[in-house]
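In what follows, a structure is listed as C-alpha cells, so that the remarks can point back to it.
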Amino acid sequence: MIEFAVNGTLMRGLKLNNNLLNVGAVFDRESSTAPCYRLWSIDDQYPGMLRDVEGGKSISVEIWQVPLGGIADILIQEPPGLCVGKIELYDKKVVLGVLAEPFLVAGKKEITMYGGWRKYDQSCDQ
C-alpha cells in the first residue's frame, strides 16, 4: 500500500470515490498540504491543484492507502489534465497525489481562498 493524497471528487462521499474503493483503497486520514498550492474549479465539476510557492495556501486533502497497482487504474479514470505527482503535506512529508497540468487551470476560476474542494462546493450550494 502507498499513501495517496486526493483533493477533489475522489474524496469520501463524492462522485468518484468509488474509483478508490474499487481498487481496494482504504481511507487513512484527513490532512492538508504545505502552504504552497493553488486550487481552481474546473467548470464546477472537479478541482485542479498546482504547486505555487509564491501565491499558494494550504489545501485540504484526504490521505488514502492504495495498492500500488491501483494508482494506474485510478488515474486512467480521472478527467484529462489530472495527473499523479508528489505533494508536500503540512508536516513536510511528501506523498503521491492528484495534481493538475497547467493547461487545465488556464482561464478557470481560482478557489484557493476556500482552502479545499469541499468548502468551495458547499459555498455553491448556499
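Identifiers in this document derive from the order of the C-alpha cells: chains are assigned A, B, ..., residues are numbered from 1 separately in each chain, and ligands are numbered from 1 in order of occurrence.
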Could you give me, as CSV, a per-residue list for segment 36-119 of chain A showing, wherever an atom lies at most 10 Å from an atom of segment 5-18 of chain A, the closest pair of atoms and their distance in Å to one decimal, using only C-alpha atoms and sorting by chain then residue number from low to high?
```
residue,atom,partner,partner_atom,distance
A:Leu39,CA,A:Asn7,CA,9.3
A:Ser41,CA,A:Gly8,CA,9.8
A:Gln45,CA,A:Thr9,CA,8.3
A:Tyr46,CA,A:Gly8,CA,6.0
A:Pro47,CA,A:Gly8,CA,5.7
A:Gly48,CA,A:Gly8,CA,8.1
A:Met49,CA,A:Asn7,CA,7.8
A:Ile59,CA,A:Asn7,CA,7.8
A:Ser60,CA,A:Asn7,CA,6.6
A:Val61,CA,A:Asn7,CA,4.7
A:Glu62,CA,A:Val6,CA,5.4
A:Ile63,CA,A:Ala5,CA,4.6
A:Trp64,CA,A:Ala5,CA,6.4
A:Gln65,CA,A:Ala5,CA,9.0
A:Val66,CA,A:Ala5,CA,9.9
A:Ile74,CA,A:Leu10,CA,9.3
A:Gln77,CA,A:Leu16,CA,9.0
A:Glu78,CA,A:Leu16,CA,8.7
A:Val84,CA,A:Ala5,CA,9.5
A:Gly85,CA,A:Ala5,CA,9.7
A:Lys86,CA,A:Ala5,CA,9.1
A:Ile87,CA,A:Ala5,CA,7.5
A:Glu88,CA,A:Ala5,CA,9.7
A:Leu89,CA,A:Ala5,CA,9.1
A:Val94,CA,A:Ala5,CA,9.7
A:Val95,CA,A:Ala5,CA,6.8
A:Leu96,CA,A:Ala5,CA,6.2
A:Gly97,CA,A:Ala5,CA,4.2
A:Val98,CA,A:Val6,CA,5.7
A:Leu99,CA,A:Asn7,CA,8.6
A:Gly116,CA,A:Asn7,CA,7.0
A:Trp117,CA,A:Gly8,CA,5.6
A:Arg118,CA,A:Gly8,CA,7.5
```
Among segment 3-121 of chain A, which ones does DSSP assign to strand (DSSP E) (computed from the backbone)? Answer as a PyMOL selection string.
chain A and resi 3-6+26-32+37-42+46-51+60-66+82-88+94-100+109-110
One number please: atom CA of Ala34 of chain A to atom CA of Ser123 of chain A, in Å, one decimal.
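Straight-line distance from atom CA of Ala34 of chain A to atom CA of Ser123 of chain A works out to 23.3 Å.
Using only C-alpha atoms, the smallest distance between any of A:Asp44, A:Asp73, A:Val105, A:Tyr90 and Glu30 of chain A comes from A:Tyr90.
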Please report the interatomic distance between atom CA of Lys93 of chain A and atom CA of Glu110 of chain A in Å with one decimal.
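Taking atom CA of Lys93 of chain A as the start and atom CA of Glu110 of chain A as the end point, the length is 25.6 Å.
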Write out as a PyMOL selection string the set of residues from segment 14-88 of chain A that DSSP, computed on the backbone, places in helix (DSSP H, G or I).
chain A and resi 17-21+70-77
Resulting file, chosen residues, all heavy atoms, as an mmCIF file, in the first residue's frame:
```cif
data_model
loop_
_atom_site.group_PDB
_atom_site.id
_atom_site.type_symbol
_atom_site.label_atom_id
_atom_site.label_comp_id
_atom_site.auth_asym_id
_atom_site.auth_seq_id
_atom_site.Cartn_x
_atom_site.Cartn_y
_atom_site.Cartn_z
ATOM 1 N N ASN A 17 -15.529 8.724 -5.624
ATOM 2 C CA ASN A 17 -14.921 7.983 -4.527
ATOM 3 C C ASN A 17 -14.862 6.481 -4.798
ATOM 4 O O ASN A 17 -13.922 5.797 -4.388
ATOM 5 C CB ASN A 17 -15.654 8.258 -3.224
ATOM 6 C CG ASN A 17 -15.026 7.563 -2.045
ATOM 7 O OD1 ASN A 17 -15.644 6.676 -1.439
ATOM 8 N ND2 ASN A 17 -13.809 7.933 -1.711
ATOM 9 N N ASN A 18 -15.854 5.960 -5.538
ATOM 10 C CA ASN A 18 -15.835 4.526 -5.848
ATOM 11 C C ASN A 18 -14.607 4.119 -6.658
ATOM 12 O O ASN A 18 -14.208 2.960 -6.632
ATOM 13 C CB ASN A 18 -17.106 4.099 -6.574
ATOM 14 C CG ASN A 18 -18.242 3.845 -5.608
ATOM 15 O OD1 ASN A 18 -18.025 3.579 -4.426
ATOM 16 N ND2 ASN A 18 -19.459 3.936 -6.101
ATOM 17 N N ASN A 19 -13.992 5.064 -7.377
ATOM 18 C CA ASN A 19 -12.766 4.733 -8.117
ATOM 19 C C ASN A 19 -11.656 4.315 -7.161
ATOM 20 O O ASN A 19 -10.827 3.469 -7.509
ATOM 21 C CB ASN A 19 -12.312 5.915 -8.971
ATOM 22 C CG ASN A 19 -13.277 6.212 -10.095
ATOM 23 O OD1 ASN A 19 -14.245 5.483 -10.329
ATOM 24 N ND2 ASN A 19 -13.033 7.305 -10.800
ATOM 25 N N LEU A 20 -11.628 4.872 -5.970
ATOM 26 C CA LEU A 20 -10.672 4.448 -4.944
ATOM 27 C C LEU A 20 -11.103 3.116 -4.326
ATOM 28 O O LEU A 20 -10.310 2.179 -4.212
ATOM 29 C CB LEU A 20 -10.560 5.501 -3.837
ATOM 30 C CG LEU A 20 -9.780 6.764 -4.150
ATOM 31 C CD1 LEU A 20 -10.004 7.801 -3.062
ATOM 32 C CD2 LEU A 20 -8.303 6.453 -4.287
ATOM 33 N N LEU A 21 -12.362 3.055 -3.937
ATOM 34 C CA LEU A 21 -12.857 1.851 -3.267
ATOM 35 C C LEU A 21 -12.749 0.613 -4.155
ATOM 36 O O LEU A 21 -12.436 -0.480 -3.662
ATOM 37 C CB LEU A 21 -14.306 2.068 -2.821
ATOM 38 C CG LEU A 21 -14.519 3.210 -1.819
ATOM 39 C CD1 LEU A 21 -16.003 3.428 -1.566
ATOM 40 C CD2 LEU A 21 -13.757 2.972 -0.529
ATOM 41 N N GLY A 70 -3.125 -0.074 -8.059
ATOM 42 C CA GLY A 70 -4.382 0.645 -8.192
ATOM 43 C C GLY A 70 -4.216 2.087 -8.642
ATOM 44 O O GLY A 70 -5.160 2.685 -9.169
ATOM 45 N N ILE A 71 -3.030 2.647 -8.475
ATOM 46 C CA ILE A 71 -2.800 4.048 -8.862
ATOM 47 C C ILE A 71 -3.091 4.233 -10.351
ATOM 48 O O ILE A 71 -3.753 5.187 -10.752
ATOM 49 C CB ILE A 71 -1.364 4.488 -8.523
ATOM 50 C CG1 ILE A 71 -1.090 4.379 -7.028
ATOM 51 C CG2 ILE A 71 -1.085 5.890 -9.050
ATOM 52 C CD1 ILE A 71 -1.790 5.373 -6.153
ATOM 53 N N ALA A 72 -2.605 3.330 -11.184
ATOM 54 C CA ALA A 72 -2.838 3.442 -12.633
ATOM 55 C C ALA A 72 -4.324 3.333 -12.956
ATOM 56 O O ALA A 72 -4.839 4.098 -13.784
ATOM 57 C CB ALA A 72 -2.051 2.370 -13.383
ATOM 58 N N ASP A 73 -5.026 2.419 -12.306
ATOM 59 C CA ASP A 73 -6.462 2.269 -12.546
ATOM 60 C C ASP A 73 -7.219 3.542 -12.170
ATOM 61 O O ASP A 73 -8.152 3.944 -12.875
ATOM 62 C CB ASP A 73 -7.029 1.088 -11.749
ATOM 63 C CG ASP A 73 -6.541 -0.253 -12.261
ATOM 64 O OD1 ASP A 73 -6.149 -0.341 -13.437
ATOM 65 O OD2 ASP A 73 -6.561 -1.214 -11.468
ATOM 66 N N ILE A 74 -6.826 4.180 -11.091
ATOM 67 C CA ILE A 74 -7.462 5.427 -10.665
ATOM 68 C C ILE A 74 -7.171 6.531 -11.673
ATOM 69 O O ILE A 74 -8.075 7.245 -12.114
ATOM 70 C CB ILE A 74 -6.980 5.827 -9.255
ATOM 71 C CG1 ILE A 74 -7.466 4.814 -8.219
ATOM 72 C CG2 ILE A 74 -7.451 7.239 -8.906
ATOM 73 C CD1 ILE A 74 -6.770 4.901 -6.879
ATOM 74 N N LEU A 75 -5.915 6.666 -12.056
ATOM 75 C CA LEU A 75 -5.518 7.745 -12.957
ATOM 76 C C LEU A 75 -6.202 7.638 -14.315
ATOM 77 O O LEU A 75 -6.631 8.645 -14.878
ATOM 78 C CB LEU A 75 -3.997 7.767 -13.129
ATOM 79 C CG LEU A 75 -3.448 8.918 -13.974
ATOM 80 C CD1 LEU A 75 -3.839 10.263 -13.379
ATOM 81 C CD2 LEU A 75 -1.943 8.800 -14.120
ATOM 82 N N ILE A 76 -6.348 6.453 -14.833
ATOM 83 C CA ILE A 76 -6.998 6.259 -16.131
ATOM 84 C C ILE A 76 -8.437 6.780 -16.112
ATOM 85 O O ILE A 76 -8.932 7.276 -17.121
ATOM 86 C CB ILE A 76 -6.936 4.769 -16.545
ATOM 87 C CG1 ILE A 76 -5.521 4.442 -16.999
ATOM 88 C CG2 ILE A 76 -7.954 4.432 -17.616
ATOM 89 C CD1 ILE A 76 -5.245 2.982 -17.236
ATOM 90 N N GLN A 77 -9.088 6.720 -14.960
ATOM 91 C CA GLN A 77 -10.478 7.168 -14.852
ATOM 92 C C GLN A 77 -10.617 8.658 -14.518
ATOM 93 O O GLN A 77 -11.722 9.183 -14.532
ATOM 94 C CB GLN A 77 -11.189 6.339 -13.784
ATOM 95 C CG GLN A 77 -11.258 4.864 -14.166
ATOM 96 C CD GLN A 77 -11.911 4.049 -13.083
ATOM 97 O OE1 GLN A 77 -13.116 4.154 -12.887
ATOM 98 N NE2 GLN A 77 -11.136 3.246 -12.381
#
```
If we count only C-alpha atoms, what is near Gly107 of chain A at a cut-off of 10 Å, once residues fewer than 4 positions away on the same chain are taken out, given as a VMD selection string?
chain A and resid 40 42 103
